[in-house]
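Peer 1: Let me give you the structure first, and then I'll get to my questions.
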Amino acid sequence: MTTDLNSTIYNNVKQALVEDIATGDITAELIPATTQATASIICREHATICGRPWVDEVFRQLDASVQLDWKVKEGDQVSPNQELVYIQGLARSLLTGERCAINFLQTLSGTATRCHHYAEQVKQFPVKLLDTRKTLPGLRLAQKYAVKTGGCFNHRIGLFDAFLIKENHIAACGGIAKAITAARTIAPSKPIEVEVENIEEFKEARHAGADSIMLDNFPLPLLLETVSLNHQLGNPAPKLEASGGITDATLADIAATGVDYISIGTLTKDCRAVDLSMRLL
C-alpha cells in the first residue's frame with residue numbers, strides 16, 4: 001500500500017493545484033516576485049493531526065525551495081492555538097499553496113480526530129473499529145490513511161481486494177451458499193464476508209464457510225446470542241462484525257458483546273474539517 005499511497009499523494013496534490021491555480025494565481029502576482037516570507041499554520045481546536053505528507057507535497061510541487069519545519073508528528077494530539085508548522089520561502093509560493101495545503105490537512109485531521117474519538121471509547125476491549133467505502137471521491141486512500149493515523153483500522157480498500165456479499169448479491173446469486181461457492185471459484189485467495197440480517201442467515205453463512213460475517217443492525221441481545229453461538233459451534237469460527245447505526249451512545253455496549261469488529265461509516269463519511277489557519281509572521 002505504500003507505493004500506492006505515495007502515488008496517491010502525488011496525484012491528489014497535482015489535481016488540487018491544477019483545480020485551484022489553473023492559469024495562474026493573479027492575486028499572488030500583487031506581491032513582488034522576490035519577496036520572502038515566513039508563515040505558520042495554527043490549529044484552532046483540539047484535534048488529531050494528519051496530512052503532513054500532503055502538505056509537504058503541495059509545496060514540493062509548487063516550489064521546491066520552500067522550507068517546512070514541522071512542530072508536530074502525524075497522529076499527535078494538539079490543543080487550540082497550537083502552531084503546527086513553520087513555512088519559509090517566496091511569499092507568492094506560500095500564499096498560492098496555502099489553501100490546497102490546509103484543505104488536505106484540515107480534512108484528513110478531521111477524519112483522524114473522529115477516529116481517535118471512537119477508538120478511545122473502546123480501548124478497553126479487543127474489538128477493532130473498521131472504516132467503510134463511504135469516502136470522499138478521489139480521497140479513498142487518503143482517508144483510509146487518516147483512519148489508521150487516528151487509531152482505527154481499514155476494511156477492504158475497494159471492490160477488488162475482498163468479497164462483501166450483501167442482500168442484493170445474495171438475491172441475485174440465489175442464496176448465501178451459492179454466492180460463497182461462486183466466490184471461492186472466482187477468487188480463491190480473497191477473503192469472503194457475508195452480510196446477514198438474522199440468526200438463521202448467520203447459521204447459513206457460517207455453515208457455507210464465510211471467513212467473516214457482518215451482523216447488520218442486530219440489536220444487543222441478538223449480538224450477544226450470536227457471539228455465544230459462534231463460540232459454541234466450534235472452529236473454524238468466522239470473525240464477527242457488527243454494523244449499522246453505530247453511535248457514541250451504543251458503541252461501547254456493542255464492543256462489550258465480544259464481536260471482533262465494528263464497522264462505522266461515519267469514520268469517513270460525516271467528518272467535519274478541523275479549524276486551521278495560516279498567518280504570515
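Quick note on naming: the chains in the C-alpha cells go A, B, ... in the order shown, residues restart at 1 in each chain, and ligands are numbered from 1 in order of appearance.
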Taking the DSSP assignment computed from this structure's backbone, write out as a ChimeraX atom specification all residues of range 10-190 of chain A that belong to alpha helix (DSSP H).

Peer 2: /A:10-21,52-62,91-121,140-149,167-173,176-186

Peer 1: Quick one: contact table of range 250-275 of chain A to range 85-107 of chain A, 9 Å max, nearest atom pair and distance in Å to one decimal per residue, counting only C-alpha atoms, chain and number order, as a Markdown table?

Peer 2:
| residue | atom | partner | partner_atom | distance |
| --- | --- | --- | --- | --- |
| A:Cys271 | CA | A:Thr107 | CA | 7.7 |
| A:Arg272 | CA | A:Thr107 | CA | 7.3 |
| A:Ala273 | CA | A:Thr107 | CA | 4.8 |
| A:Val274 | CA | A:Gln106 | CA | 4.7 |
| A:Asp275 | CA | A:Gln106 | CA | 6.7 |

Peer 1: Just to be explicit: take each residue in the selection above, keep C-alpha atoms, and write the result as a short mmCIF file (atom, residue, chain, number, x, y, z; two decimals), in the first residue's frame.

Peer 2:
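See selection.cif below for the written result:
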data_model
loop_
_atom_site.label_atom_id
_atom_site.label_comp_id
_atom_site.auth_asym_id
_atom_site.auth_seq_id
_atom_site.Cartn_x
_atom_site.Cartn_y
_atom_site.Cartn_z
CA CYS A 271 -16.24 14.19 9.21
CA ARG A 272 -16.02 17.88 9.96
CA ALA A 273 -12.82 19.59 8.86
CA VAL A 274 -10.57 20.77 11.67
CA ASP A 275 -10.32 24.58 12.05
#

Peer 1: Using the chain letters and numbers from this document, which residues of range 195-247 of chain A does DSSP assign to strand (DSSP E or B), as a PDB file with N, CA and C atoms, in the first residue's frame?

Peer 2:
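Output file result.pdb is given in full below:
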ATOM      1  N   GLU A 195     -22.909 -10.392   4.629  1.00  0.00           N
ATOM      2  CA  GLU A 195     -23.782  -9.583   5.475  1.00  0.00           C
ATOM      3  C   GLU A 195     -25.073 -10.345   5.719  1.00  0.00           C
ATOM      4  N   VAL A 196     -25.451 -10.465   7.004  1.00  0.00           N
ATOM      5  CA  VAL A 196     -26.685 -11.184   7.342  1.00  0.00           C
ATOM      6  C   VAL A 196     -27.578 -10.298   8.198  1.00  0.00           C
ATOM      7  N   SER A 212     -15.750 -14.217   7.357  1.00  0.00           N
ATOM      8  CA  SER A 212     -16.295 -13.299   8.356  1.00  0.00           C
ATOM      9  C   SER A 212     -17.747 -13.016   8.023  1.00  0.00           C
ATOM     10  N   ILE A 213     -18.481 -12.613   9.051  1.00  0.00           N
ATOM     11  CA  ILE A 213     -19.916 -12.388   8.885  1.00  0.00           C
ATOM     12  C   ILE A 213     -20.264 -11.034   9.489  1.00  0.00           C
ATOM     13  N   MET A 214     -20.912 -10.205   8.697  1.00  0.00           N
ATOM     14  CA  MET A 214     -21.346  -8.894   9.146  1.00  0.00           C
ATOM     15  C   MET A 214     -22.773  -9.001   9.680  1.00  0.00           C
ATOM     16  N   LEU A 215     -22.930  -8.640  10.944  1.00  0.00           N
ATOM     17  CA  LEU A 215     -24.234  -8.695  11.592  1.00  0.00           C
ATOM     18  C   LEU A 215     -24.866  -7.318  11.464  1.00  0.00           C
ATOM     19  N   ASP A 216     -25.756  -7.198  10.501  1.00  0.00           N
ATOM     20  CA  ASP A 216     -26.282  -5.889  10.120  1.00  0.00           C
ATOM     21  C   ASP A 216     -27.462  -5.483  10.997  1.00  0.00           C
ATOM     22  N   LYS A 239     -14.928 -14.609  11.818  1.00  0.00           N
ATOM     23  CA  LYS A 239     -14.901 -13.368  12.578  1.00  0.00           C
ATOM     24  C   LYS A 239     -16.273 -12.697  12.455  1.00  0.00           C
ATOM     25  N   LEU A 240     -16.680 -12.023  13.521  1.00  0.00           N
ATOM     26  CA  LEU A 240     -17.984 -11.365  13.527  1.00  0.00           C
ATOM     27  C   LEU A 240     -17.807  -9.856  13.543  1.00  0.00           C
ATOM     28  N   GLU A 241     -18.576  -9.207  12.694  1.00  0.00           N
ATOM     29  CA  GLU A 241     -18.506  -7.750  12.558  1.00  0.00           C
ATOM     30  C   GLU A 241     -19.890  -7.146  12.767  1.00  0.00           C
ATOM     31  N   ALA A 242     -20.002  -6.249  13.730  1.00  0.00           N
ATOM     32  CA  ALA A 242     -21.255  -5.523  13.937  1.00  0.00           C
ATOM     33  C   ALA A 242     -21.256  -4.287  13.045  1.00  0.00           C
ATOM     34  N   SER A 243     -22.424  -3.975  12.489  1.00  0.00           N
ATOM     35  CA  SER A 243     -22.516  -2.838  11.587  1.00  0.00           C
ATOM     36  C   SER A 243     -23.926  -2.285  11.594  1.00  0.00           C
TER      37      SER A 243
END

Peer 1: Compare A:Ala37, A:His169, A:Thr226, A:Leu141 by their minimum atom-to-atom distance to Asn6 in chain A, counting only C-alpha atoms, and give me the closest one.

Peer 2: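 Closest to Asn6 in chain A, using only C-alpha atoms: A:Leu141.
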
Peer 1: Do you know which residues are at most 12 Å from Ala146 in chain A counting only C-alpha atoms, after dropping those on the same chain fewer than 2 positions away, and could you put them as a count of residues only?

Peer 2: 41

Peer 1: Mind pulling up the distance from CA of Cys173 in chain A to CA of Gly234 in chain A?

Peer 2: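 For CA of Gly234 in chain A relative to CA of Cys173 in chain A, the distance reads 27.9 Å.
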
Peer 1: So, with only C-alpha atoms as the atoms that count, which of A:Arg279, A:Lys128, A:Arg133, A:Arg156 lies closest to Ile192 in chain A?

Peer 2: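 Among A:Arg279, A:Lys128, A:Arg133, A:Arg156, it is A:Arg156 that comes nearest to Ile192 in chain A.
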
Peer 1: Could you check the closest approach to Gly265 in chain A for each of A:Leu68, A:Leu30, A:Val147, A:Val127 and tell me which residue wins, using only C-alpha atoms?

Peer 2: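 Answer, going by the shortest atom-to-atom distance: A:Val147.
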
Peer 1: Just the residues within 9 Å of Asp161 in chain A, please, counting only C-alpha atoms, with nothing from its chain fewer than 3 positions along; format it as a PyMOL selection string.

Peer 2: chain A and resi 156-158+190-191

Peer 1: So which one's closest to Leu276 in chain A, A:Ala119, A:Leu233, A:Val18, A:Ala47? Using only C-alpha atoms, please.

Peer 2: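 Under the stated criterion, the closest residue is A:Ala47.
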
Peer 1: Which one of A:Tyr118, A:Asn198, A:Tyr145, A:Met278 sits closest to Asp248 in chain A if you count only C-alpha atoms?

Peer 2: A:Tyr118

Peer 1: For Thr250 in chain A, find every residue with an atom within 12 Å (counting only C-alpha atoms), except residues of its own chain fewer than 2 positions away, and show them as a list in words.

Peer 2: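 Once the adjacent positions are removed, what remains is Tyr118, Gln121, Val122, Asn217, Phe218, Pro219, Leu220, Ala242, Ser243, Gly244, Gly245, Ile246, Thr247, Asp248, Ala252, Asp253, Ile254, Ala255, Ala256, Thr257, Ile262 and Ile264 of chain A.
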
Peer 1: Those selected residues, please, written with N, CA and C atoms and delivered as a PDB file, in the first residue's frame.

Peer 2:
ATOM      1  N   TYR A 118     -13.562   7.775  18.566  1.00  0.00           N
ATOM      2  CA  TYR A 118     -14.210   6.478  18.682  1.00  0.00           C
ATOM      3  C   TYR A 118     -13.275   5.428  19.284  1.00  0.00           C
ATOM      4  N   GLN A 121     -13.062   5.286  22.999  1.00  0.00           N
ATOM      5  CA  GLN A 121     -14.230   4.760  23.719  1.00  0.00           C
ATOM      6  C   GLN A 121     -14.205   3.249  23.882  1.00  0.00           C
ATOM      7  N   VAL A 122     -13.421   2.560  23.057  1.00  0.00           N
ATOM      8  CA  VAL A 122     -13.421   1.089  23.125  1.00  0.00           C
ATOM      9  C   VAL A 122     -12.020   0.536  23.390  1.00  0.00           C
ATOM     10  N   ASN A 217     -27.271  -4.398  11.768  1.00  0.00           N
ATOM     11  CA  ASN A 217     -28.333  -3.843  12.601  1.00  0.00           C
ATOM     12  C   ASN A 217     -28.908  -4.857  13.586  1.00  0.00           C
ATOM     13  N   PHE A 218     -28.069  -5.731  14.116  1.00  0.00           N
ATOM     14  CA  PHE A 218     -28.515  -6.667  15.145  1.00  0.00           C
ATOM     15  C   PHE A 218     -28.686  -5.912  16.463  1.00  0.00           C
ATOM     16  N   PRO A 219     -29.802  -6.043  17.138  1.00  0.00           N
ATOM     17  CA  PRO A 219     -29.937  -5.453  18.480  1.00  0.00           C
ATOM     18  C   PRO A 219     -28.988  -6.153  19.449  1.00  0.00           C
ATOM     19  N   LEU A 220     -28.685  -5.495  20.560  1.00  0.00           N
ATOM     20  CA  LEU A 220     -27.705  -6.023  21.504  1.00  0.00           C
ATOM     21  C   LEU A 220     -27.986  -7.458  21.953  1.00  0.00           C
ATOM     22  N   ALA A 242     -20.002  -6.249  13.730  1.00  0.00           N
ATOM     23  CA  ALA A 242     -21.255  -5.523  13.937  1.00  0.00           C
ATOM     24  C   ALA A 242     -21.256  -4.287  13.045  1.00  0.00           C
ATOM     25  N   SER A 243     -22.424  -3.975  12.489  1.00  0.00           N
ATOM     26  CA  SER A 243     -22.516  -2.838  11.587  1.00  0.00           C
ATOM     27  C   SER A 243     -23.926  -2.285  11.594  1.00  0.00           C
ATOM     28  N   GLY A 244     -24.025  -0.991  11.288  1.00  0.00           N
ATOM     29  CA  GLY A 244     -25.333  -0.375  11.131  1.00  0.00           C
ATOM     30  C   GLY A 244     -25.768   0.465  12.303  1.00  0.00           C
ATOM     31  N   GLY A 245     -25.850   1.769  12.092  1.00  0.00           N
ATOM     32  CA  GLY A 245     -26.385   2.674  13.099  1.00  0.00           C
ATOM     33  C   GLY A 245     -25.556   2.811  14.353  1.00  0.00           C
ATOM     34  N   ILE A 246     -24.244   2.643  14.236  1.00  0.00           N
ATOM     35  CA  ILE A 246     -23.370   2.749  15.408  1.00  0.00           C
ATOM     36  C   ILE A 246     -23.235   4.219  15.804  1.00  0.00           C
ATOM     37  N   THR A 247     -23.450   4.510  17.077  1.00  0.00           N
ATOM     38  CA  THR A 247     -23.346   5.881  17.564  1.00  0.00           C
ATOM     39  C   THR A 247     -22.493   5.915  18.836  1.00  0.00           C
ATOM     40  N   ASP A 248     -22.206   7.131  19.303  1.00  0.00           N
ATOM     41  CA  ASP A 248     -21.497   7.284  20.574  1.00  0.00           C
ATOM     42  C   ASP A 248     -22.224   6.554  21.699  1.00  0.00           C
ATOM     43  N   ALA A 252     -19.819   1.436  22.925  1.00  0.00           N
ATOM     44  CA  ALA A 252     -19.181   0.653  23.985  1.00  0.00           C
ATOM     45  C   ALA A 252     -19.979  -0.609  24.303  1.00  0.00           C
ATOM     46  N   ASP A 253     -21.297  -0.505  24.298  1.00  0.00           N
ATOM     47  CA  ASP A 253     -22.129  -1.672  24.581  1.00  0.00           C
ATOM     48  C   ASP A 253     -21.958  -2.737  23.498  1.00  0.00           C
ATOM     49  N   ILE A 254     -21.849  -2.291  22.255  1.00  0.00           N
ATOM     50  CA  ILE A 254     -21.649  -3.238  21.152  1.00  0.00           C
ATOM     51  C   ILE A 254     -20.276  -3.893  21.265  1.00  0.00           C
ATOM     52  N   ALA A 255     -19.258  -3.104  21.596  1.00  0.00           N
ATOM     53  CA  ALA A 255     -17.911  -3.652  21.763  1.00  0.00           C
ATOM     54  C   ALA A 255     -17.880  -4.705  22.862  1.00  0.00           C
ATOM     55  N   ALA A 256     -18.679  -4.502  23.911  1.00  0.00           N
ATOM     56  CA  ALA A 256     -18.697  -5.410  25.059  1.00  0.00           C
ATOM     57  C   ALA A 256     -19.342  -6.761  24.740  1.00  0.00           C
ATOM     58  N   THR A 257     -20.024  -6.877  23.598  1.00  0.00           N
ATOM     59  CA  THR A 257     -20.667  -8.152  23.247  1.00  0.00           C
ATOM     60  C   THR A 257     -19.656  -9.215  22.848  1.00  0.00           C
ATOM     61  N   ILE A 262     -16.176  -3.753  14.537  1.00  0.00           N
ATOM     62  CA  ILE A 262     -17.329  -2.868  14.385  1.00  0.00           C
ATOM     63  C   ILE A 262     -17.010  -1.933  13.236  1.00  0.00           C
ATOM     64  N   ILE A 264     -17.912   1.356  10.952  1.00  0.00           N
ATOM     65  CA  ILE A 264     -18.607   2.624  11.207  1.00  0.00           C
ATOM     66  C   ILE A 264     -18.407   3.548  10.004  1.00  0.00           C
TER      67      ILE A 264
END

Peer 1: How many Å lie between CA of Ser263 in chain A and CA of Asp4 in chain A, rounded to one decimal?

Peer 2: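 For CA of Ser263 in chain A relative to CA of Asp4 in chain A, the distance reads 23.5 Å.
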
Peer 1: Have a look at A:Lys123, A:Thr266, A:Ile9, A:Leu136 and name the one nearest to Val55 in chain A; count only C-alpha atoms.

Peer 2: A:Ile9

Peer 1: List the neighbours of Cys43 in chain A out to 7 Å using only C-alpha atoms; skip same-chain residues closer than 3 positions along the sequence, and give me the result as JSON, numbers by chain.

Peer 2: {"A": [80, 81, 82, 83, 84, 275, 276, 277]}

Peer 1: Go ahead and compute the interatomic distance for CA of Gly209 in chain A and CA of Ala179 in chain A, in Å to one decimal.

Peer 2: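 Distance reported for this atom pair: 11.0 Å.
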
Peer 1: Taking 6 positions as the minimum chain separation for residues in the same chain, which residues sit within 10 Å of Asn11 in chain A when counting only C-alpha atoms? Answer as a list of chain:residue names.

Peer 2: A:Leu5, A:Leu17, A:Glu57, A:Gly138
